[in-house]
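Student: Got model.txt for you, compact mmCIF, C-alpha atoms and all ligand atoms:
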# COMPACT_ATOMS: atom_id res chain seq x y z
CA MET A 6 -29.24 -0.92 -0.51
CA GLN A 7 -27.46 -3.83 -2.18
CA LYS A 8 -24.13 -2.78 -3.67
CA ASN A 9 -23.14 -4.76 -6.74
CA ILE A 10 -19.48 -5.22 -7.60
CA LEU A 11 -17.82 -5.59 -11.01
CA ILE A 12 -14.40 -7.19 -11.40
CA ILE A 13 -12.69 -6.40 -14.70
CA GLY A 14 -9.89 -8.83 -15.56
CA ALA A 15 -11.45 -11.46 -13.28
CA CYS A 16 -9.64 -14.36 -14.98
CA GLY A 17 -6.14 -13.03 -14.25
CA GLN A 18 -3.80 -13.87 -11.40
CA ILE A 19 -5.24 -11.36 -8.92
CA GLY A 20 -8.74 -11.16 -10.41
CA THR A 21 -9.44 -14.87 -9.90
CA GLU A 22 -8.73 -14.84 -6.17
CA LEU A 23 -10.39 -11.46 -5.67
CA THR A 24 -13.55 -12.80 -7.30
CA PHE A 25 -13.62 -15.89 -5.07
CA THR A 26 -12.99 -13.85 -1.93
CA LEU A 27 -15.57 -11.16 -2.71
CA ARG A 28 -18.17 -13.83 -3.61
CA GLU A 29 -17.54 -15.60 -0.33
CA LYS A 30 -17.96 -12.34 1.54
CA HIS A 31 -20.95 -10.78 -0.21
CA GLY A 32 -22.63 -13.67 -2.06
CA SER A 33 -22.05 -14.88 -5.62
CA ASP A 34 -24.85 -12.97 -7.34
CA VAL A 35 -23.69 -9.49 -6.35
CA VAL A 36 -20.14 -10.00 -7.65
CA ILE A 37 -20.01 -9.85 -11.45
CA ALA A 38 -16.84 -11.28 -13.00
CA SER A 39 -15.73 -10.02 -16.42
CA ASP A 40 -12.76 -10.52 -18.68
CA ILE A 41 -11.86 -10.32 -22.36
CA ARG A 42 -11.68 -14.12 -22.40
CA GLU A 43 -13.02 -16.99 -20.34
CA GLY A 44 -11.04 -18.25 -17.37
CA ASN A 45 -10.76 -21.46 -15.39
CA GLU A 46 -13.84 -23.57 -14.80
CA SER A 47 -14.15 -23.06 -11.07
CA LEU A 48 -14.19 -19.29 -11.54
CA MET A 49 -16.67 -19.41 -14.42
CA GLU A 50 -19.03 -21.62 -12.44
CA SER A 51 -18.88 -19.61 -9.22
CA GLY A 52 -21.25 -16.81 -10.30
CA PRO A 53 -22.20 -14.36 -13.08
CA PHE A 54 -19.59 -13.87 -15.83
CA GLU A 55 -19.54 -11.44 -18.79
CA LEU A 56 -17.11 -11.09 -21.67
CA LEU A 57 -15.92 -7.49 -21.67
CA ASP A 58 -13.27 -5.40 -23.40
CA ALA A 59 -12.44 -2.81 -20.75
CA THR A 60 -11.28 -0.32 -23.38
CA ASP A 61 -14.82 -0.25 -24.86
CA TYR A 62 -16.54 2.56 -22.92
CA ASP A 63 -20.04 1.87 -24.27
CA ALA A 64 -19.91 -1.84 -23.46
CA LEU A 65 -18.64 -1.08 -19.96
CA GLU A 66 -21.31 1.58 -19.37
CA GLU A 67 -24.02 -0.82 -20.51
CA LEU A 68 -22.81 -3.62 -18.24
CA ILE A 69 -22.66 -1.24 -15.27
CA ALA A 70 -26.21 -0.05 -15.89
CA TYR A 71 -27.55 -3.58 -16.46
CA TYR A 72 -26.14 -5.02 -13.22
CA GLU A 73 -26.58 -1.78 -11.23
CA ILE A 74 -22.88 -1.81 -10.38
CA ASP A 75 -21.67 0.42 -7.57
CA GLU A 76 -18.05 -0.64 -7.11
CA VAL A 77 -15.44 -1.59 -9.75
CA TYR A 78 -12.14 -3.46 -9.36
CA LEU A 79 -10.14 -2.81 -12.54
CA MET A 80 -7.62 -5.66 -12.64
CA ALA A 81 -7.09 -5.87 -16.43
CA ALA A 82 -3.57 -4.82 -17.48
CA MET A 83 -0.64 -5.79 -19.63
CA LEU A 84 2.33 -6.57 -17.34
CA SER A 85 5.93 -5.43 -17.54
CA ALA A 86 7.65 -7.97 -19.82
CA THR A 87 4.81 -8.19 -22.37
CA ALA A 88 4.38 -4.42 -22.38
CA GLU A 89 8.00 -4.02 -23.54
CA LYS A 90 7.08 -6.09 -26.61
CA PHE A 91 3.81 -4.27 -27.36
CA PRO A 92 4.20 -0.72 -26.02
CA MET A 93 1.22 0.86 -27.76
CA ARG A 94 -1.14 -2.01 -26.96
CA ALA A 95 -0.03 -1.86 -23.33
CA TRP A 96 -0.58 1.90 -23.17
CA ASN A 97 -3.98 1.58 -24.82
CA LEU A 98 -5.18 -1.16 -22.46
CA ASN A 99 -3.63 0.12 -19.24
CA MET A 100 -4.66 3.76 -19.72
CA ASN A 101 -7.98 3.64 -21.58
CA SER A 102 -9.51 1.06 -19.26
CA LEU A 103 -8.58 3.36 -16.35
CA PHE A 104 -10.02 6.47 -18.03
CA ASN A 105 -13.24 4.55 -18.68
CA VAL A 106 -13.82 3.72 -15.03
CA LEU A 107 -12.63 7.13 -13.79
CA ASN A 108 -15.04 8.85 -16.19
CA LEU A 109 -17.93 6.59 -15.12
CA ALA A 110 -17.21 7.57 -11.51
CA LYS A 111 -16.98 11.25 -12.45
CA GLU A 112 -20.43 10.92 -14.00
CA LYS A 113 -21.66 9.27 -10.78
CA LYS A 114 -22.49 5.99 -12.51
CA ILE A 115 -20.30 4.12 -10.02
CA SER A 116 -19.21 5.27 -6.58
CA LYS A 117 -15.96 3.45 -5.77
CA ILE A 118 -12.96 2.17 -7.76
CA PHE A 119 -10.01 -0.07 -6.99
CA TRP A 120 -7.15 0.19 -9.46
CA PRO A 121 -3.82 -1.59 -8.90
CA SER A 122 -0.51 0.21 -9.20
CA SER A 123 2.88 -1.49 -8.90
CA ILE A 124 6.46 -1.26 -7.68
CA ALA A 125 7.11 -0.65 -11.40
CA VAL A 126 6.26 3.05 -10.86
CA PHE A 127 9.80 3.35 -9.48
CA GLY A 128 12.87 3.55 -11.68
CA PRO A 129 16.66 3.42 -11.74
CA ASN A 130 17.01 6.79 -9.95
CA THR A 131 14.76 5.76 -7.06
CA PRO A 132 16.46 4.81 -3.76
CA ARG A 133 16.44 0.99 -4.01
CA GLU A 134 16.38 -0.01 -0.35
CA ASN A 135 13.30 0.75 1.73
CA THR A 136 11.87 2.86 -1.07
CA PRO A 137 9.72 5.57 0.57
CA GLN A 138 6.12 6.43 -0.30
CA ASN A 139 7.19 9.76 -1.79
CA THR A 140 10.44 9.74 -3.72
CA ILE A 141 12.01 10.03 -7.18
CA MET A 142 10.06 7.78 -9.54
CA GLU A 143 11.11 8.12 -13.22
CA PRO A 144 10.02 4.61 -14.34
CA SER A 145 11.98 3.24 -17.32
CA THR A 146 9.52 0.58 -18.53
CA VAL A 147 6.35 0.94 -20.61
CA TYR A 148 4.36 -0.76 -17.85
CA GLY A 149 5.89 1.49 -15.18
CA ILE A 150 5.15 4.61 -17.22
CA SER A 151 1.51 3.53 -17.57
CA LYS A 152 1.19 2.86 -13.82
CA GLN A 153 2.90 6.12 -12.87
CA SER A 154 0.61 8.06 -15.23
CA GLY A 155 -2.37 6.13 -13.88
CA GLU A 156 -1.48 7.17 -10.33
CA ARG A 157 -1.35 10.82 -11.39
CA TRP A 158 -4.77 10.54 -13.06
CA CYS A 159 -6.32 8.80 -10.03
CA GLU A 160 -5.16 11.58 -7.75
CA TYR A 161 -6.34 14.19 -10.26
CA TYR A 162 -9.85 12.69 -10.54
CA HIS A 163 -10.05 12.49 -6.77
CA ASN A 164 -8.97 16.11 -6.25
CA LYS A 165 -11.02 17.59 -9.10
CA PHE A 166 -14.13 15.43 -9.15
CA GLU A 167 -14.11 13.73 -5.72
CA VAL A 168 -13.83 10.31 -7.35
CA ASP A 169 -13.34 7.66 -4.63
CA VAL A 170 -10.48 5.76 -6.25
CA ARG A 171 -8.09 3.69 -4.14
CA SER A 172 -4.83 2.03 -5.11
CA ILE A 173 -1.91 -0.07 -3.93
CA ARG A 174 1.56 -0.46 -5.40
CA TYR A 175 1.59 -4.27 -5.41
CA PRO A 176 4.94 -6.02 -5.15
CA GLY A 177 5.46 -9.26 -7.14
CA LEU A 178 2.58 -11.56 -6.25
CA ILE A 179 2.90 -15.27 -5.50
CA SER A 180 -0.15 -17.49 -5.86
CA TRP A 181 -1.10 -21.08 -6.70
CA LYS A 182 -4.65 -20.80 -8.11
CA THR A 183 -3.88 -18.89 -11.34
CA MET A 184 -0.55 -18.34 -13.11
CA PRO A 185 0.66 -14.79 -13.67
CA GLY A 186 1.41 -13.83 -17.27
CA GLY A 187 3.96 -11.51 -18.79
CA GLY A 188 5.51 -10.12 -15.62
CA THR A 189 9.09 -9.83 -14.37
CA THR A 190 8.27 -11.32 -10.97
CA ASP A 191 6.58 -14.41 -12.52
CA TYR A 192 9.68 -16.51 -11.77
CA ALA A 193 8.64 -16.62 -8.12
CA VAL A 194 5.53 -18.61 -9.12
CA GLU A 195 7.04 -20.72 -11.92
CA ILE A 196 9.81 -21.90 -9.61
CA TYR A 197 7.35 -23.76 -7.34
CA HIS A 198 5.66 -25.51 -10.27
CA LYS A 199 9.04 -26.62 -11.69
CA ALA A 200 10.38 -27.61 -8.28
CA LEU A 201 7.53 -30.10 -7.99
CA SER A 202 7.43 -31.32 -11.61
CA ASP A 203 11.15 -31.30 -12.61
CA LYS A 204 13.10 -30.82 -9.35
CA SER A 205 14.96 -28.06 -11.18
CA TYR A 206 14.36 -24.53 -12.49
CA THR A 207 16.24 -22.21 -14.82
CA CYS A 208 15.64 -18.67 -13.58
CA PHE A 209 15.43 -15.73 -15.98
CA LEU A 210 16.80 -13.38 -13.29
CA SER A 211 20.27 -13.58 -11.73
CA ALA A 212 20.89 -15.24 -8.34
CA ASN A 213 21.18 -12.02 -6.31
CA THR A 214 18.33 -9.94 -7.77
CA SER A 215 16.32 -8.88 -4.73
CA LEU A 216 12.71 -7.79 -5.37
CA PRO A 217 9.73 -6.97 -3.13
CA MET A 218 7.22 -9.84 -3.09
CA MET A 219 3.94 -10.80 -1.41
CA PHE A 220 1.79 -13.92 -1.04
CA MET A 221 -1.61 -13.56 -2.70
CA ASP A 222 -3.64 -13.99 0.52
CA ASP A 223 -1.91 -10.90 1.90
CA ALA A 224 -2.49 -8.99 -1.34
CA ILE A 225 -6.22 -9.78 -1.37
CA ARG A 226 -6.57 -8.92 2.32
CA ALA A 227 -4.76 -5.60 1.74
CA THR A 228 -7.07 -4.81 -1.17
CA LEU A 229 -10.21 -5.46 0.85
CA GLU A 230 -8.89 -3.61 3.90
CA LEU A 231 -8.15 -0.58 1.75
CA MET A 232 -11.56 -0.71 0.09
CA GLU A 233 -13.35 -1.10 3.44
CA SER A 234 -11.50 1.79 5.12
CA ASP A 235 -13.39 5.00 5.84
CA TYR A 236 -13.22 7.54 3.01
CA ASN A 237 -11.36 10.06 5.16
CA THR A 238 -8.67 7.66 6.34
CA ILE A 239 -7.41 7.28 2.76
CA LYS A 240 -4.90 10.11 2.56
CA VAL A 241 -3.02 8.88 -0.51
CA ARG A 242 -5.10 8.97 -3.67
CA SER A 243 -2.28 8.05 -6.04
CA ALA A 244 -1.28 4.62 -4.64
CA TYR A 245 0.01 3.23 -1.35
CA ASN A 246 3.35 1.45 -0.95
CA LEU A 247 2.74 -2.11 0.26
CA SER A 248 5.33 -4.47 1.63
CA ALA A 249 5.61 -8.03 2.94
CA MET A 250 9.03 -9.53 2.11
CA SER A 251 11.99 -9.24 -0.25
CA PHE A 252 14.10 -12.11 -1.51
CA THR A 253 16.48 -13.14 -4.31
CA PRO A 254 16.14 -16.18 -6.60
CA SER A 255 18.86 -17.93 -4.60
CA GLU A 256 16.96 -17.29 -1.34
CA ILE A 257 13.65 -18.64 -2.68
CA ALA A 258 15.56 -21.68 -4.01
CA ALA A 259 17.06 -22.25 -0.55
CA SER A 260 13.60 -22.13 1.01
CA ILE A 261 12.38 -24.75 -1.51
CA THR A 262 15.39 -26.99 -0.83
CA LYS A 263 14.22 -27.31 2.77
CA HIS A 264 11.16 -29.17 1.45
CA ILE A 265 12.66 -30.73 -1.73
CA PRO A 266 16.37 -31.41 -0.95
CA GLU A 267 17.22 -32.51 -4.53
CA PHE A 268 15.91 -29.23 -6.05
CA LYS A 269 18.47 -27.39 -8.23
CA ILE A 270 18.35 -23.86 -9.63
CA SER A 271 20.37 -22.44 -12.52
CA TYR A 272 20.41 -18.93 -13.96
CA GLU A 273 19.99 -17.61 -17.51
CA PRO A 274 19.10 -13.92 -17.16
CA ASP A 275 17.19 -12.50 -20.15
CA SER A 276 15.68 -9.11 -21.04
CA ARG A 277 13.64 -9.18 -17.83
CA GLN A 278 16.85 -8.69 -15.81
CA ALA A 279 17.06 -5.03 -16.89
CA ILE A 280 13.45 -4.48 -15.79
CA ALA A 281 14.15 -6.05 -12.37
CA ASP A 282 17.32 -3.98 -12.01
CA SER A 283 15.30 -0.78 -12.43
CA TRP A 284 12.93 -1.66 -9.55
CA PRO A 285 13.34 -1.32 -5.76
CA SER A 286 14.67 -4.24 -3.74
CA SER A 287 12.56 -3.39 -0.70
CA ILE A 288 9.66 -1.08 0.11
CA ASP A 289 8.90 1.18 3.09
CA ASP A 290 5.15 0.98 3.69
CA SER A 291 5.04 2.86 7.01
CA LYS A 292 2.52 5.38 5.62
CA THR A 293 0.22 2.47 4.71
CA GLN A 294 0.62 0.98 8.19
CA THR A 295 -0.28 4.32 9.78
CA ASP A 296 -3.21 5.26 7.54
CA TRP A 297 -5.13 1.97 7.44
CA GLY A 298 -3.25 -0.39 9.74
CA TRP A 299 -1.65 -2.71 7.16
CA ARG A 300 0.41 -5.70 8.44
CA ALA A 301 1.57 -8.59 6.23
CA ALA A 302 1.19 -12.16 7.50
CA PHE A 303 3.24 -14.28 5.05
CA ASP A 304 7.05 -14.37 5.01
CA LEU A 305 9.12 -16.44 2.55
CA GLU A 306 9.10 -19.65 4.64
CA ARG A 307 5.33 -19.59 5.09
CA THR A 308 4.82 -18.74 1.41
CA THR A 309 6.99 -21.66 0.28
CA ALA A 310 5.28 -24.13 2.61
CA THR A 311 1.82 -22.97 1.45
CA MET A 312 2.71 -22.98 -2.26
CA LEU A 313 4.23 -26.48 -2.20
CA GLU A 314 1.38 -27.86 -0.11
CA ASN A 315 -1.29 -26.56 -2.50
CA LEU A 316 0.53 -27.32 -5.78
CA LYS A 317 1.52 -30.91 -5.07
CA VAL A 318 -0.83 -33.43 -6.69
N1 LIG A 401 4.41 -8.25 -11.07
C1 LIG A 401 4.40 -7.23 -12.07
C2 LIG A 401 5.33 -7.52 -13.18
O1 LIG A 401 6.27 -8.24 -12.96
C3 LIG A 401 4.77 -5.91 -11.46
O2 LIG A 401 3.64 -5.24 -11.05
O3 LIG A 401 5.15 -7.01 -14.24
Kindly transcribe the structure held in the file into structure tokens.
Tutor:
Amino acid sequence: MQKNILIIGACGQIGTELTFTLREKHGSDVVIASDIREGNESLMESGPFELLDATDYDALEELIAYYEIDEVYLMAAMLSATAEKFPMRAWNLNMNSLFNVLNLAKEKKISKIFWPSSIAVFGPNTPRENTPQNTIMEPSTVYGISKQSGERWCEYYHNKFEVDVRSIRYPGLISWKTMPGGGTTDYAVEIYHKALSDKSYTCFLSANTSLPMMFMDDAIRATLELMESDYNTIKVRSAYNLSAMSFTPSEIAASITKHIPEFKISYEPDSRQAIADSWPSSIDDSKTQTDWGWRAAFDLERTTATMLENLKV
């Protein structure tokens, strides 16, 4: 039987590339892209697209019935920096969209869910280096609180109602096709654009702020590998730690200087510094490696070379 896939938040940073990859794999017609607003032209033209507010249960239920959707990737969310400005809107979007898909799965209207968690589930009391899968969490941001709560609800729906929901704690994601928006790790994308256009970048985090990061190709591959794993191999139904690399703004700048020698970075930390300071600097994903064989392929040097190559005009 043909399994149709719905991507919610398809126009966002992850959603765009996930849509392209899933369409390449399964065919355009079986992958339905949706978002609250339209996205870039190449995405819109690559297959079916529907405007959808993921917090509207009835609209979501109708779309799922119409397209006979079996699997949902819920990528819509308000990220860390924006969520600090609009706490209630962030909570409403991040939580109610999740409840909507979890409840549709509980009612057997869909059979599989991917929902992204984040390194933001960790907080200032978490061990910062090599943060383990199971540890103190206590997130101190609105976004982190919503992701931590979401993890608890995913595990609950799995244990109580056998909902097949799968999740990853993504690190900061670096990509060239679509810009991120409203996150604390966004600097690691902006810096490449500015390096090419202005040969300089003013970073909103301080020089030595180390954060876990990942190139988008790795993130998409991890997502698909998790979703394709056998039901019984998925032992963690909250969210898996996922790791590729960690670097500071001064280290990413040094990697850019190897390609653009005149590039200069300066630092003007803003309110996002406190968010970054509450997060881990590196992640231990050994449980993920054991359970479903995860291995990252992109380090900082390869990420920089790939970003600059694809962004230059
Ligand atoms: N990249 C996200 C952010 O910075 C974290 O998941 O908000």
Student: I need the residue nearest ligand LIG 401 (chain A) from this list: A:Ala249, A:Ile19, A:Leu103, A:Ile225. Use only C-alpha atoms and all ligand atoms for the distance.
Tutor: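 Closest residue, counting only C-alpha atoms and all ligand atoms: A:Ile19.
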Student: So which residues are near ligand LIG 401 (chain A), meaning at most 7 Å away with all atoms listed in the file counted, given back as JSON, numbers by chain?
Tutor: {"A": [84, 85, 86, 123, 124, 125, 175, 176, 177, 178, 187, 188, 189, 190, 191]}
Student: Mind running stretch 138-179 of chain A against stretch 128-131 of chain A at 7 Å and telling me each contacting residue's nearest atom pair with the distance in Å (one decimal), counting only C-alpha atoms, chain and number ascending, as a Markdown table?
Tutor:
| residue | atom | partner | partner_atom | distance |
| --- | --- | --- | --- | --- |
| A:Thr140 | CA | A:Thr131 | CA | 6.8 |
| A:Ile141 | CA | A:Thr131 | CA | 5.1 |
| A:Met142 | CA | A:Gly128 | CA | 5.5 |
| A:Glu143 | CA | A:Gly128 | CA | 5.1 |
| A:Pro144 | CA | A:Gly128 | CA | 4.0 |
| A:Ser145 | CA | A:Gly128 | CA | 5.7 |
Student: Do you have the atom CA of A:Glu195-atom CA of A:Pro132 distance handy?
Tutor: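 One can read the atom CA of A:Glu195 to atom CA of A:Pro132 distance as 28.4 Å.
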Student: Quick one: distance from atom CA of A:Phe303 to atom CA of A:Ser291 in Å, one decimal?
Tutor: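 According to the coordinates, atom CA of A:Phe303 and atom CA of A:Ser291 are separated by 17.3 Å.
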Student: In Å, how far is it from atom CA of A:Thr228 to atom CA of A:Trp299?
Tutor: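 Distance reported for this atom pair: 10.2 Å.
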Student: Considering all atoms listed in the file, state which residue in the set A:Glu22, A:Glu50, A:Glu167, A:Asp222 is at the smallest distance from A:Arg307.
Tutor: A:Asp222
Student: Using all atoms listed in the file, pick whichever of A:Tyr272, A:Tyr71, A:Tyr245, A:Tyr62 has the shortest atom-to-atom distance to A:Leu107.
Tutor: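 Going through A:Tyr272, A:Tyr71, A:Tyr245, A:Tyr62 one by one, the smallest distance to A:Leu107 is for A:Tyr62.
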Student: At a cut-off of 10 Å, using all atoms listed in the file, what residues contact stretch 229-238 of chain A? Leave out same-chain residues fewer than 2 positions from it and give the result as a count of residues only.
Tutor: 27
Student: Save stretch 181-192 of chain A to a file: C-alpha atoms, as a PDB file, in the first residue's frame.
Tutor:
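Saved result, part-v2.pdb, follows:
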ATOM      1  CA  TRP A 181      22.532  26.878   2.517  1.00  0.00           C
ATOM      2  CA  LYS A 182      19.121  26.281   0.869  1.00  0.00           C
ATOM      3  CA  THR A 183      16.884  28.040   3.428  1.00  0.00           C
ATOM      4  CA  MET A 184      17.813  30.484   6.201  1.00  0.00           C
ATOM      5  CA  PRO A 185      16.966  29.594   9.790  1.00  0.00           C
ATOM      6  CA  GLY A 186      14.825  32.098  11.677  1.00  0.00           C
ATOM      7  CA  GLY A 187      14.733  33.126  15.305  1.00  0.00           C
ATOM      8  CA  GLY A 188      17.293  30.694  16.707  1.00  0.00           C
ATOM      9  CA  THR A 189      20.404  31.124  18.843  1.00  0.00           C
ATOM     10  CA  THR A 190      22.562  29.011  16.537  1.00  0.00           C
ATOM     11  CA  ASP A 191      21.569  31.040  13.432  1.00  0.00           C
ATOM     12  CA  TYR A 192      24.915  32.872  13.523  1.00  0.00           C
TER      13      TYR A 192
END
